[in-house]
>>> print(open('coords15.txt').read())   # compact mmCIF, C-alpha atoms
# COMPACT_ATOMS: atom_id res chain seq x y z
CA MET J 1 18.51 4.91 -21.39
CA LEU J 2 17.33 2.73 -18.51
CA TYR J 3 14.48 0.47 -19.63
CA PHE J 4 13.12 -0.32 -16.19
CA LEU J 5 14.36 -0.33 -12.61
CA SER J 6 13.74 -3.66 -10.94
CA LEU J 7 13.77 -4.05 -7.16
CA LYS J 8 13.70 -7.83 -7.40
CA PRO J 9 16.61 -9.09 -5.23
CA GLY J 10 19.53 -10.13 -7.41
CA HIS J 11 18.22 -8.34 -10.49
CA PHE J 12 19.94 -5.71 -12.66
CA LYS J 13 19.24 -2.54 -14.60
CA VAL J 14 18.30 -3.07 -18.24
CA PHE J 15 19.60 -0.40 -20.62
CA ASN J 16 18.69 -0.04 -24.26
CA THR J 17 21.25 -0.76 -26.95
CA PRO J 18 22.40 2.08 -29.24
CA LEU J 19 20.57 1.14 -32.45
CA ASP J 20 17.80 -1.38 -32.05
CA SER J 21 15.92 -1.15 -28.75
CA PHE J 22 13.93 2.07 -28.78
CA TRP J 23 11.29 1.07 -26.23
CA CYS J 24 8.25 3.14 -25.33
CA CYS J 25 9.86 4.07 -22.01
CA THR J 26 12.82 5.63 -23.80
CA GLY J 27 10.84 8.67 -24.94
CA THR J 28 9.41 9.15 -21.47
CA GLY J 29 12.90 8.88 -20.03
CA VAL J 30 14.21 11.61 -22.31
CA GLU J 31 11.48 13.92 -20.99
CA ASN J 32 12.81 13.53 -17.46
CA HIS J 33 15.78 15.78 -18.18
CA ALA J 34 13.45 18.74 -18.59
CA LYS J 35 11.97 18.11 -15.13
CA TYR J 36 15.04 18.47 -12.94
CA GLY J 37 14.40 22.17 -12.26
CA ASP J 38 10.78 21.62 -11.29
CA SER J 39 10.00 22.61 -7.66
CA ILE J 40 13.55 23.51 -6.56
CA TYR J 41 12.08 26.87 -5.50
CA PHE J 42 8.61 28.20 -4.58
CA HIS J 43 7.80 31.83 -3.78
CA ASP J 44 5.16 34.36 -2.94
CA ASP J 45 5.57 38.13 -2.65
CA ALA J 46 7.28 37.99 0.73
CA ALA J 47 9.14 34.69 0.86
CA LEU J 48 11.23 32.14 -1.01
CA TRP J 49 11.14 28.40 -0.26
CA VAL J 50 14.19 26.28 -1.10
CA ASN J 51 12.81 22.76 -1.48
CA LEU J 52 15.57 20.85 -3.28
CA TYR J 53 19.32 21.01 -2.94
CA ILE J 54 20.38 21.03 -6.57
CA ALA J 55 23.05 23.24 -8.13
CA SER J 56 21.02 25.90 -9.89
CA GLU J 57 20.50 29.63 -10.40
CA LEU J 58 17.25 31.47 -9.73
CA THR J 59 16.52 34.85 -11.32
CA TRP J 60 13.74 36.78 -9.59
CA ALA J 61 13.35 39.80 -11.81
CA GLU J 62 10.55 41.48 -9.82
CA LYS J 63 12.77 41.55 -6.70
CA GLY J 64 15.98 42.35 -8.56
CA LEU J 65 17.46 39.16 -7.09
CA THR J 66 19.63 36.35 -8.40
CA ILE J 67 20.22 33.42 -6.08
CA ARG J 68 22.88 30.92 -7.07
CA GLN J 69 22.85 27.54 -5.31
CA GLU J 70 26.25 25.83 -5.34
CA THR J 71 26.40 22.26 -4.13
CA GLY J 72 27.85 18.85 -4.87
CA PHE J 73 24.87 17.22 -3.15
CA PRO J 74 24.58 14.36 -2.27
CA VAL J 75 28.35 13.85 -1.98
CA GLU J 76 28.40 17.27 -0.32
CA GLN J 77 26.06 17.17 2.65
CA GLY J 78 24.64 20.64 2.35
CA THR J 79 24.47 23.65 0.06
CA THR J 80 25.56 27.27 -0.32
CA LEU J 81 23.26 30.08 -1.52
CA LYS J 82 24.93 33.17 -2.98
CA ILE J 83 22.80 36.28 -3.37
CA LYS J 84 23.07 39.06 -5.90
CA ALA J 85 20.73 42.00 -5.27
CA ALA J 86 20.25 45.24 -7.18
CA LYS J 87 19.24 46.78 -3.81
CA PRO J 88 18.55 45.45 -0.30
CA VAL J 89 15.43 43.26 -0.18
CA LYS J 90 13.36 42.21 2.88
CA LEU J 91 12.59 38.54 2.39
CA ALA J 92 11.88 35.38 4.41
CA LEU J 93 14.06 32.50 3.23
CA HIS J 94 12.61 29.05 4.10
CA LEU J 95 15.08 26.16 3.91
CA ARG J 96 13.59 22.67 3.83
CA VAL J 97 14.73 20.32 6.60
CA PRO J 98 14.26 16.80 5.15
CA TYR J 99 12.83 13.91 7.17
CA TRP J 100 16.24 12.23 7.26
CA ALA J 101 18.12 15.23 8.75
CA LYS J 102 17.95 13.82 12.28
CA SER J 103 21.61 14.37 13.15
CA GLY J 104 21.13 18.12 13.38
CA VAL J 105 21.63 20.89 10.85
CA MET J 106 24.01 23.86 10.85
CA LEU J 107 23.40 27.27 9.35
CA LYS J 108 25.72 30.20 8.66
CA VAL J 109 24.93 33.60 7.17
CA ASN J 110 27.97 35.47 5.94
CA GLY J 111 30.13 33.14 8.03
CA GLY J 112 28.23 33.66 11.27
CA ALA J 113 26.52 30.71 12.96
CA GLN J 114 22.75 31.01 13.29
CA ASP J 115 20.28 29.66 15.83
CA VAL J 116 18.82 26.37 14.54
CA ALA J 117 16.86 25.39 17.65
CA SER J 118 13.61 25.60 15.68
CA ALA J 119 14.83 23.21 12.97
CA ARG J 120 12.76 20.04 12.83
CA PRO J 121 12.83 17.24 10.26
CA GLU J 122 9.97 17.54 7.76
CA SER J 123 9.70 21.29 8.28
CA TYR J 124 11.34 24.53 7.12
CA LEU J 125 14.01 26.60 8.86
CA THR J 126 13.32 30.31 8.30
CA ILE J 127 15.69 33.25 8.03
CA ASP J 128 13.72 36.53 7.82
CA ARG J 129 15.94 39.53 7.17
CA GLU J 130 16.99 42.17 4.71
CA TRP J 131 19.24 40.67 2.10
CA ALA J 132 22.03 42.59 0.38
CA ASP J 133 24.28 41.98 -2.58
CA GLY J 134 27.03 39.49 -1.72
CA ASP J 135 25.19 37.79 1.16
CA GLN J 136 25.88 34.09 1.50
CA VAL J 137 24.01 31.28 3.27
CA GLU J 138 25.69 27.97 4.14
CA PHE J 139 23.33 25.17 5.14
CA SER J 140 24.77 21.88 6.37
CA LEU J 141 22.65 18.71 6.30
CA PRO J 142 24.57 15.83 7.88
CA MET J 143 23.43 12.40 6.68
CA SER J 144 23.11 9.25 8.74
CA LEU J 145 22.35 5.59 8.11
CA HIS J 146 18.81 4.41 8.80
CA LEU J 147 16.47 1.55 7.96
CA TYR J 148 13.20 1.34 6.06
CA HIS J 149 11.01 -1.59 7.11
CA ALA J 150 8.74 -3.27 4.57
CA ALA J 151 5.16 -2.89 5.78
CA ASP J 152 4.21 -6.54 5.28
CA LEU J 153 7.47 -8.41 6.03
CA LYS J 154 8.97 -7.59 9.42
CA ASN J 155 12.46 -8.91 8.62
CA ASN J 156 12.75 -7.19 5.22
CA VAL J 157 14.56 -3.84 5.28
CA ALA J 158 16.12 -1.33 2.94
CA ILE J 159 19.12 0.71 4.08
CA LEU J 160 19.37 4.44 3.43
CA TYR J 161 22.06 7.04 3.94
CA GLY J 162 20.25 10.32 4.27
CA PRO J 163 17.92 10.35 1.24
CA LEU J 164 19.97 7.78 -0.67
CA VAL J 165 18.71 4.23 -1.11
CA LEU J 166 21.71 1.93 -0.82
CA ALA J 167 22.02 -1.20 -2.94
CA GLY J 168 24.23 -4.19 -2.24
CA GLU J 169 26.67 -4.99 -5.04
CA LEU J 170 26.29 -8.64 -6.04
CA GLY J 171 28.64 -8.75 -9.04
CA ARG J 172 28.33 -9.90 -12.63
CA ASP J 173 27.75 -13.65 -12.15
CA HIS J 174 24.93 -14.93 -14.38
CA PHE J 175 24.73 -11.52 -16.08
CA PRO J 176 22.76 -11.32 -19.37
CA THR J 177 24.43 -11.13 -22.75
CA THR J 178 23.89 -8.21 -25.11
CA GLU J 179 21.75 -10.47 -27.29
CA GLN J 180 19.46 -11.35 -24.40
CA VAL J 181 19.00 -7.70 -23.50
CA ARG J 182 18.34 -6.78 -27.14
CA ASN J 183 15.61 -9.37 -27.47
CA GLN J 184 14.23 -8.99 -23.93
CA ASN J 185 14.50 -12.78 -23.91
CA ASP J 186 14.43 -14.62 -20.58
CA LEU J 187 15.74 -11.64 -18.60
CA ASN J 188 13.83 -12.32 -15.39
CA ASN J 189 14.39 -16.06 -15.46
CA LEU J 190 18.18 -15.87 -15.60
CA ARG J 191 19.58 -17.46 -12.45
CA SER J 192 20.34 -14.83 -9.81
CA PRO J 193 22.99 -15.04 -7.10
CA ARG J 194 21.63 -15.72 -3.62
CA VAL J 195 21.32 -12.44 -1.72
CA PRO J 196 23.29 -12.42 1.55
CA ALA J 197 21.34 -12.02 4.78
CA LEU J 198 22.26 -9.45 7.43
CA VAL J 199 22.63 -10.93 10.91
CA SER J 200 22.62 -8.60 13.91
CA GLU J 201 21.02 -8.08 17.32
CA THR J 202 20.74 -4.33 16.65
CA GLU J 203 18.78 -2.42 14.03
CA ASP J 204 21.22 0.51 14.09
CA PRO J 205 23.03 0.22 10.73
CA SER J 206 25.82 2.55 11.86
CA ALA J 207 26.90 -0.25 14.20
CA TRP J 208 27.59 -2.66 11.35
CA LEU J 209 28.25 -0.55 8.25
CA LYS J 210 31.55 1.26 7.85
CA PRO J 211 32.59 3.72 5.09
CA THR J 212 34.40 2.04 2.22
CA PRO J 213 37.83 3.65 1.77
CA GLY J 214 38.19 5.65 -1.45
CA ARG J 215 34.49 5.40 -2.34
CA PRO J 216 32.30 8.31 -1.22
CA LEU J 217 28.79 7.26 -0.14
CA ALA J 218 29.73 3.54 -0.12
CA PHE J 219 29.69 1.29 2.95
CA THR J 220 30.80 -2.25 3.72
CA THR J 221 29.27 -4.62 6.25
CA VAL J 222 31.50 -5.64 9.15
CA GLY J 223 30.78 -8.97 10.84
CA LEU J 224 27.22 -8.91 9.53
CA GLY J 225 26.88 -10.42 6.05
CA ARG J 226 26.02 -14.11 5.72
CA PRO J 227 27.50 -16.04 4.03
CA HIS J 228 29.82 -13.15 3.11
CA GLU J 229 30.26 -9.41 3.64
CA VAL J 230 28.90 -7.02 1.03
CA THR J 231 29.47 -3.45 -0.12
CA LEU J 232 26.53 -1.07 -0.43
CA THR J 233 26.48 1.99 -2.65
CA PRO J 234 23.71 4.38 -3.78
CA LEU J 235 21.31 2.60 -6.11
CA TYR J 236 21.69 5.29 -8.77
CA GLN J 237 25.42 4.48 -8.99
CA VAL J 238 25.02 0.72 -9.51
CA ASN J 239 25.28 -0.25 -13.18
CA HIS J 240 26.04 -3.41 -15.18
CA GLN J 241 25.93 -5.80 -12.25
CA ARG J 242 23.46 -7.59 -10.00
CA TYR J 243 22.21 -5.82 -6.88
CA THR J 244 19.67 -5.91 -4.09
CA VAL J 245 17.86 -3.14 -2.25
CA TYR J 246 15.85 -5.29 0.18
CA TRP J 247 17.56 -7.48 2.76
CA LYS J 248 16.59 -10.05 5.36
CA LEU J 249 17.70 -8.60 8.71
CA LEU J 250 17.84 -11.53 11.13
CA SER J 251 18.90 -12.16 14.69
CA PRO J 252 21.50 -14.93 15.18
CA SER J 253 18.75 -17.40 16.18
CA GLU J 254 16.63 -16.40 13.18
CA TRP J 255 19.67 -16.89 10.94
CA ALA J 256 20.14 -20.42 12.28
CA ASP J 257 16.52 -21.21 11.39
CA HIS J 258 16.96 -19.52 8.00
CA GLN J 259 20.01 -21.69 7.25
CA LYS J 260 17.88 -24.78 7.82
CA GLU J 261 15.27 -23.41 5.39
CA LEU J 262 17.95 -22.68 2.77
CA LYS J 263 19.42 -26.16 3.16
CA ALA J 264 15.99 -27.75 2.76
CA GLU J 265 15.28 -25.62 -0.31
CA ASP J 266 18.64 -26.53 -1.87
CA GLU J 267 17.95 -30.21 -1.30
CA ARG J 268 14.50 -29.86 -2.84
CA LEU J 269 15.90 -28.10 -5.90
CA ARG J 270 18.59 -30.76 -6.35
CA ALA J 271 15.97 -33.48 -6.13
CA GLU J 272 13.76 -31.67 -8.65
CA ALA J 273 16.68 -31.18 -11.04
CA ALA J 274 17.51 -34.89 -10.86
CA ARG J 275 13.93 -35.74 -11.87
CA LEU J 276 13.69 -33.22 -14.73
CA VAL J 277 13.41 -34.82 -18.17
CA ASP J 278 12.56 -31.71 -20.24
CA GLU J 279 11.33 -28.17 -19.68
CA ALA J 280 9.58 -25.80 -22.08
CA GLY J 281 9.78 -22.07 -21.34
CA PHE J 282 6.53 -20.60 -22.62
CA GLY J 283 6.71 -16.93 -23.60
CA GLN J 284 10.45 -17.09 -24.31
CA GLU J 285 11.64 -16.94 -27.89
CA GLN J 286 14.44 -19.51 -27.96
CA PRO J 287 12.85 -22.15 -25.65
CA GLU J 288 9.61 -21.99 -27.64
CA ARG J 289 11.52 -22.43 -30.89
CA ASP J 290 13.46 -25.35 -29.42
CA HIS J 291 10.18 -27.05 -28.47
CA ASN J 292 8.37 -26.44 -31.78
CA MET J 293 5.72 -24.22 -30.20
CA GLN J 294 2.56 -23.93 -32.34
CA SER J 295 -0.53 -21.86 -31.59
CA GLU J 296 -3.78 -20.25 -32.64
CA ASN J 297 -5.37 -17.22 -30.92
CA SER J 298 -2.48 -17.22 -28.48
CA LYS J 299 -0.10 -14.66 -27.02
CA ALA J 300 2.95 -14.56 -24.74
CA GLY J 301 3.49 -12.17 -21.86
CA GLN J 302 5.31 -11.48 -18.63
CA PHE J 303 3.87 -11.21 -15.12
CA ASN J 304 5.39 -11.01 -11.65
CA GLY J 305 8.87 -11.80 -12.90
CA ARG J 306 7.91 -14.82 -15.02
CA PHE J 307 6.96 -15.46 -18.65
CA TYR J 308 3.74 -17.16 -19.70
CA ARG J 309 1.57 -18.06 -22.67
CA ASP J 310 -2.22 -18.20 -22.94
CA ALA J 311 -4.90 -18.57 -25.62
CA TRP J 312 -8.38 -17.09 -25.98
CA ALA J 313 -11.69 -17.63 -27.80
CA GLY J 314 -11.23 -21.37 -28.06
CA GLY J 315 -7.58 -21.02 -29.14
CA TRP J 316 -4.70 -23.30 -28.28
CA PHE J 317 -0.92 -23.66 -28.06
CA SER J 318 1.31 -26.71 -28.05
CA CYS J 319 4.93 -27.78 -27.68
CA ARG J 320 7.01 -30.89 -28.33
CA MET J 321 8.64 -32.37 -25.20
CA LYS J 322 11.11 -35.18 -24.53
CA VAL J 323 10.08 -38.29 -22.58
CA LEU J 324 11.86 -41.42 -21.34
CA PRO J 325 10.04 -44.58 -22.49
CA GLY J 326 9.52 -47.22 -19.87
CA LEU J 327 9.63 -44.87 -16.85
CA ALA J 328 6.75 -43.36 -14.83
CA GLN J 329 6.56 -39.67 -15.65
CA ALA J 330 4.25 -36.70 -15.10
CA LEU J 331 3.62 -33.43 -16.87
CA ARG J 332 4.14 -30.55 -14.43
CA CYS J 333 2.47 -27.21 -15.25
CA THR J 334 2.86 -23.92 -13.40
CA TYR J 335 -0.06 -21.53 -12.98
CA TRP J 336 -0.70 -18.21 -11.21
CA GLY J 337 -2.90 -18.90 -8.21
CA SER J 338 -5.01 -15.73 -8.57
CA ASP J 339 -6.08 -16.41 -12.16
CA LYS J 340 -9.81 -16.86 -12.62
CA GLY J 341 -12.72 -15.83 -14.83
CA GLY J 342 -13.32 -17.92 -17.93
CA ARG J 343 -10.02 -19.81 -17.85
CA GLU J 344 -11.24 -23.28 -18.74
CA PHE J 345 -9.18 -25.61 -20.93
CA ASP J 346 -8.06 -29.15 -21.65
CA VAL J 347 -4.51 -30.44 -21.26
CA LEU J 348 -3.82 -32.95 -24.02
CA ILE J 349 -0.93 -35.33 -24.56
CA ASP J 350 -0.67 -36.51 -28.16
CA ASP J 351 -4.32 -35.51 -28.63
CA THR J 352 -5.43 -37.56 -25.61
CA LYS J 353 -7.02 -35.50 -22.82
CA ALA J 354 -5.01 -35.74 -19.61
CA ALA J 355 -7.08 -33.25 -17.62
CA THR J 356 -9.54 -30.38 -17.75
CA GLU J 357 -8.52 -27.27 -15.82
CA LEU J 358 -10.75 -24.49 -14.48
CA LEU J 359 -8.62 -21.75 -12.92
CA LYS J 360 -10.56 -20.14 -10.08
CA ALA J 361 -8.03 -18.37 -7.81
CA ALA J 362 -7.38 -21.49 -5.74
CA HIS J 363 -3.91 -20.28 -4.57
CA PRO J 364 -4.21 -16.47 -4.26
CA GLY J 365 -1.04 -14.45 -4.67
CA GLU J 366 1.36 -17.29 -5.47
CA PHE J 367 2.51 -19.57 -8.26
CA TYR J 368 1.67 -23.23 -7.91
CA THR J 369 2.30 -26.42 -9.87
CA THR J 370 0.01 -29.28 -10.85
CA ASP J 371 1.28 -32.70 -11.97
CA TYR J 372 -0.60 -34.74 -14.57
CA PRO J 373 0.39 -38.41 -14.88
CA ILE J 374 1.42 -39.46 -18.37
CA PRO J 375 -0.15 -42.83 -19.21
CA ALA J 376 2.47 -45.43 -20.01
CA ALA J 377 0.72 -46.21 -23.29
CA LEU J 378 1.31 -42.66 -24.50
CA ILE J 379 5.09 -42.85 -24.11
CA ALA J 380 5.71 -46.47 -25.06
CA GLY J 381 8.35 -46.54 -27.76
CA LYS J 382 8.49 -42.72 -27.97
CA SER J 383 11.20 -40.18 -27.30
CA ALA J 384 8.88 -37.13 -27.43
CA ILE J 385 5.24 -36.16 -27.00
CA THR J 386 3.13 -33.17 -28.05
CA VAL J 387 1.58 -31.26 -25.16
CA LYS J 388 -1.39 -29.06 -26.07
CA PHE J 389 -3.45 -26.56 -24.08
CA GLN J 390 -6.87 -26.22 -25.73
CA ALA J 391 -9.29 -23.53 -24.55
CA HIS J 392 -12.97 -24.45 -24.36
CA ALA J 393 -15.30 -22.56 -26.69
CA GLY J 394 -15.41 -18.90 -25.73
CA ARG J 395 -12.91 -19.50 -22.90
CA MET J 396 -9.18 -19.04 -22.22
CA ALA J 397 -6.35 -21.52 -21.81
CA GLY J 398 -3.73 -20.59 -19.23
CA GLY J 399 -1.76 -18.62 -18.51
CA VAL J 400 0.80 -21.39 -18.34
CA PHE J 401 4.01 -20.14 -16.68
CA GLY J 402 5.99 -23.32 -17.14
CA CYS J 403 5.73 -26.85 -18.47
CA ALA J 404 8.06 -29.74 -17.59
CA VAL J 405 8.24 -33.52 -17.85
CA MET J 406 9.22 -35.03 -14.48
CA ARG J 407 9.95 -38.65 -13.57
CA ASP J 408 9.50 -41.01 -10.59
CA GLU J 409 7.17 -38.98 -8.41
CA LYS J 410 3.52 -39.44 -7.58
CA VAL J 411 1.12 -36.86 -8.95
CA SER J 412 0.47 -34.02 -6.51
CA ASP J 413 -0.60 -30.39 -6.11
CA HIS J 414 2.11 -28.13 -4.63
>>> encode(input="coords15.txt", output="structure tokens")
Amino acid sequence: MLYFLSLKPGHFKVFNTPLDSFWCCTGTGVENHAKYGDSIYFHDDAALWVNLYIASELTWAEKGLTIRQETGFPVEQGTTLKIKAAKPVKLALHLRVPYWAKSGVMLKVNGGAQDVASARPESYLTIDREWADGDQVEFSLPMSLHLYHAADLKNNVAILYGPLVLAGELGRDHFPTTEQVRNQNDLNNLRSPRVPALVSETEDPSAWLKPTPGRPLAFTTVGLGRPHEVTLTPLYQVNHQRYTVYWKLLSPSEWADHQKELKAEDERLRAEAARLVDEAGFGQEQPERDHNMQSENSKAGQFNGRFYRDAWAGGWFSCRMKVLPGLAQALRCTYWGSDKGGREFDVLIDDTKAATELLKAAHPGEFYTTDYPIPAALIAGKSAITVKFQAHAGRMAGGVFGCAVMRDEKVSDH
């Protein structure tokens, strides 16, 4: 069973293991199999609506009708309806024309082509006639490639083929181990591959996506992917590898600017990594154990793709972190910028207060870091310090989404 379906770029599907990961979603997922027949057909006394193109058989006892739908949809771009009737029946048959059927539809009744001039996407095409035993309806729904634009990010798009959301295959690099999946430990914080950007002057995906030989419903970029081409396949078919659904679609000039941003970000990350002395991953089982995490009235959680720990009702949590004696260092903590409401706490280093924090939504909608200088006297002759987050009486401490000891940088808010 699929535990959850992430749309975070570079993420992966998380499946349960056979014996020891029966999550709450698993039971709900099992129920889905009973829902597949729901709403394929609607009817009243004079008409039948075909809403979904799913291989199925409808028995309409009052009309003496059996309608068998035979289709390999979505690999087959259409469906066939075969009618069995105890006697001729006057009936309007309404066939749904989906929003994506913009390349035209084709309709045959008993092999004869029908007028489809009235067919419009997001409507129904109606055949009103007397139906007899052995009648057959063939309805063709050609698919085409099209884009979905994110409402709030003009350059972010998803690519669809007909109704199918396509996902870019990013491979198995940095893929989680079975043990990590079993424990739900550090899944979101595993390093993801960088998602390629799509660079084109046109927004017509048929101009830069070509069918992948030998793989129905799969497409490969041609002269578009940066820094490399990528194959896209329906999201439901992508398993046991990284993928992305959302892409940056950039013009060549936008790509040049984006490359500069990526280079600057890479340089920043390298500089940060060179300054890192130690890092404690709150909310993650193994990193907390490695840093001797202790707590009272505290819990761990996960929010917006990152793990955290907090404490309530005057509670606290602490960890043991490495330091380098004789060097200027700071304690860097990561917070969620929308947190507010009673989150008031002290940050202590070896029981000495380094700062008092009052979280009041100072950076809405984003994570931010705050650096606290570590007094030289607190690290003199030491190889480790205890960092403690102590909630004020009746208040909360955190959430703290990360804690690191950094060297050789002035204290700042980022």
>>> closest_residue(input="coords15.txt", among="J:Phe401, J:Phe219, J:Phe139, J:Trp23", to="Val105 of chain J", atoms="all atoms listed in the file")
J:Phe139
>>> closest_residue(input="coords15.txt", among="J:Thr244, J:Gln259, J:Asn156, J:Ser144", to="Asp204 of chain J", atoms="all atoms listed in the file")
J:Ser144
>>> closest_atom_pairs(input="coords15.txt", of="segment 182-266 of chain J", to="segment 71-75 of chain J", cutoff="12 Å", atoms="all atoms listed in the file", output="JSON lines")
{"residue": "J:Arg215", "atom": "CA", "partner": "J:Val75", "partner_atom": "CA", "distance": 10.5}
{"residue": "J:Pro216", "atom": "CA", "partner": "J:Val75", "partner_atom": "CA", "distance": 6.8}
{"residue": "J:Leu217", "atom": "CA", "partner": "J:Val75", "partner_atom": "CA", "distance": 6.9}
{"residue": "J:Ala218", "atom": "CA", "partner": "J:Val75", "partner_atom": "CA", "distance": 10.6}
{"residue": "J:Pro234", "atom": "CA", "partner": "J:Pro74", "partner_atom": "CA", "distance": 10.1}
{"residue": "J:Tyr236", "atom": "CA", "partner": "J:Pro74", "partner_atom": "CA", "distance": 11.5}
{"residue": "J:Gln237", "atom": "CA", "partner": "J:Pro74", "partner_atom": "CA", "distance": 12.0}
>>> closest_atom_pairs(input="coords15.txt", of="segment 227-336 of chain J", to="segment 376-392 of chain J", cutoff="6 Å", atoms="only C-alpha atoms", output="JSON lines")
{"residue": "J:Gly314", "atom": "CA", "partner": "J:Ala391", "partner_atom": "CA", "distance": 4.6}
{"residue": "J:Gly315", "atom": "CA", "partner": "J:Ala391", "partner_atom": "CA", "distance": 5.5}
{"residue": "J:Trp316", "atom": "CA", "partner": "J:Gln390", "partner_atom": "CA", "distance": 4.4}
{"residue": "J:Phe317", "atom": "CA", "partner": "J:Phe389", "partner_atom": "CA", "distance": 5.5}
{"residue": "J:Ser318", "atom": "CA", "partner": "J:Lys388", "partner_atom": "CA", "distance": 4.1}
{"residue": "J:Cys319", "atom": "CA", "partner": "J:Val387", "partner_atom": "CA", "distance": 5.4}
{"residue": "J:Arg320", "atom": "CA", "partner": "J:Thr386", "partner_atom": "CA", "distance": 4.5}
{"residue": "J:Met321", "atom": "CA", "partner": "J:Ala384", "partner_atom": "CA", "distance": 5.3}
{"residue": "J:Lys322", "atom": "CA", "partner": "J:Ala384", "partner_atom": "CA", "distance": 4.1}
{"residue": "J:Val323", "atom": "CA", "partner": "J:Ala384", "partner_atom": "CA", "distance": 5.1}
{"residue": "J:Pro325", "atom": "CA", "partner": "J:Ala380", "partner_atom": "CA", "distance": 5.4}
>>> atom_distance(input="coords15.txt", atom1="atom CA of Lys360 of chain J", atom2="atom CA of Asp339 of chain J")
6.2 Å
>>> atom_distance(input="coords15.txt", atom1="atom CA of Gln294 of chain J", atom2="atom CA of Leu276 of chain J")
22.8 Å
>>> residues_around(input="coords15.txt", residues="Pro252 of chain J", least_positions_apart="3", cutoff="9 Å", atoms="all atoms listed in the file", output="list in words")
Val199, Ser200, Glu201, Trp255, Ala256 and Asp257 of chain J
>>> build_atoms(input="coords15.txt", residues="segment 353-369 of chain J", atoms="N, CA and C atoms", output="compact mmCIF listing (two decimals), in the frame of the given file")
# COMPACT_ATOMS: atom_id res chain seq x y z
N LYS J 353 -6.80 -36.43 -23.93
CA LYS J 353 -7.02 -35.50 -22.82
C LYS J 353 -6.48 -36.08 -21.52
N ALA J 354 -5.57 -35.33 -20.90
CA ALA J 354 -5.01 -35.74 -19.61
C ALA J 354 -5.78 -35.12 -18.46
N ALA J 355 -6.35 -33.92 -18.69
CA ALA J 355 -7.08 -33.25 -17.62
C ALA J 355 -7.86 -32.08 -18.21
N THR J 356 -8.86 -31.64 -17.47
CA THR J 356 -9.54 -30.38 -17.75
C THR J 356 -9.28 -29.45 -16.57
N GLU J 357 -8.83 -28.24 -16.87
CA GLU J 357 -8.52 -27.27 -15.82
C GLU J 357 -9.53 -26.13 -15.85
N LEU J 358 -9.95 -25.70 -14.66
CA LEU J 358 -10.75 -24.49 -14.48
C LEU J 358 -10.04 -23.66 -13.42
N LEU J 359 -9.38 -22.59 -13.86
CA LEU J 359 -8.62 -21.75 -12.92
C LEU J 359 -9.60 -20.84 -12.19
N LYS J 360 -9.60 -20.91 -10.86
CA LYS J 360 -10.56 -20.14 -10.08
C LYS J 360 -9.93 -19.60 -8.78
N ALA J 361 -8.72 -19.04 -8.93
CA ALA J 361 -8.03 -18.37 -7.81
C ALA J 361 -7.91 -19.28 -6.59
N ALA J 362 -7.47 -20.52 -6.83
CA ALA J 362 -7.38 -21.49 -5.74
C ALA J 362 -6.15 -21.28 -4.85
N HIS J 363 -5.14 -20.55 -5.34
CA HIS J 363 -3.91 -20.28 -4.57
C HIS J 363 -3.58 -18.79 -4.67
N PRO J 364 -4.37 -17.92 -4.05
CA PRO J 364 -4.21 -16.47 -4.26
C PRO J 364 -2.80 -15.97 -3.96
N GLY J 365 -2.30 -15.15 -4.89
CA GLY J 365 -1.04 -14.45 -4.67
C GLY J 365 0.22 -15.26 -4.79
N GLU J 366 0.15 -16.49 -5.35
CA GLU J 366 1.36 -17.29 -5.47
C GLU J 366 1.28 -18.20 -6.71
N PHE J 367 2.45 -18.57 -7.20
CA PHE J 367 2.51 -19.57 -8.26
C PHE J 367 2.37 -20.96 -7.64
N TYR J 368 1.77 -21.87 -8.39
CA TYR J 368 1.67 -23.23 -7.91
C TYR J 368 1.81 -24.17 -9.10
N THR J 369 2.13 -25.43 -8.81
CA THR J 369 2.30 -26.42 -9.87
C THR J 369 1.28 -27.54 -9.71
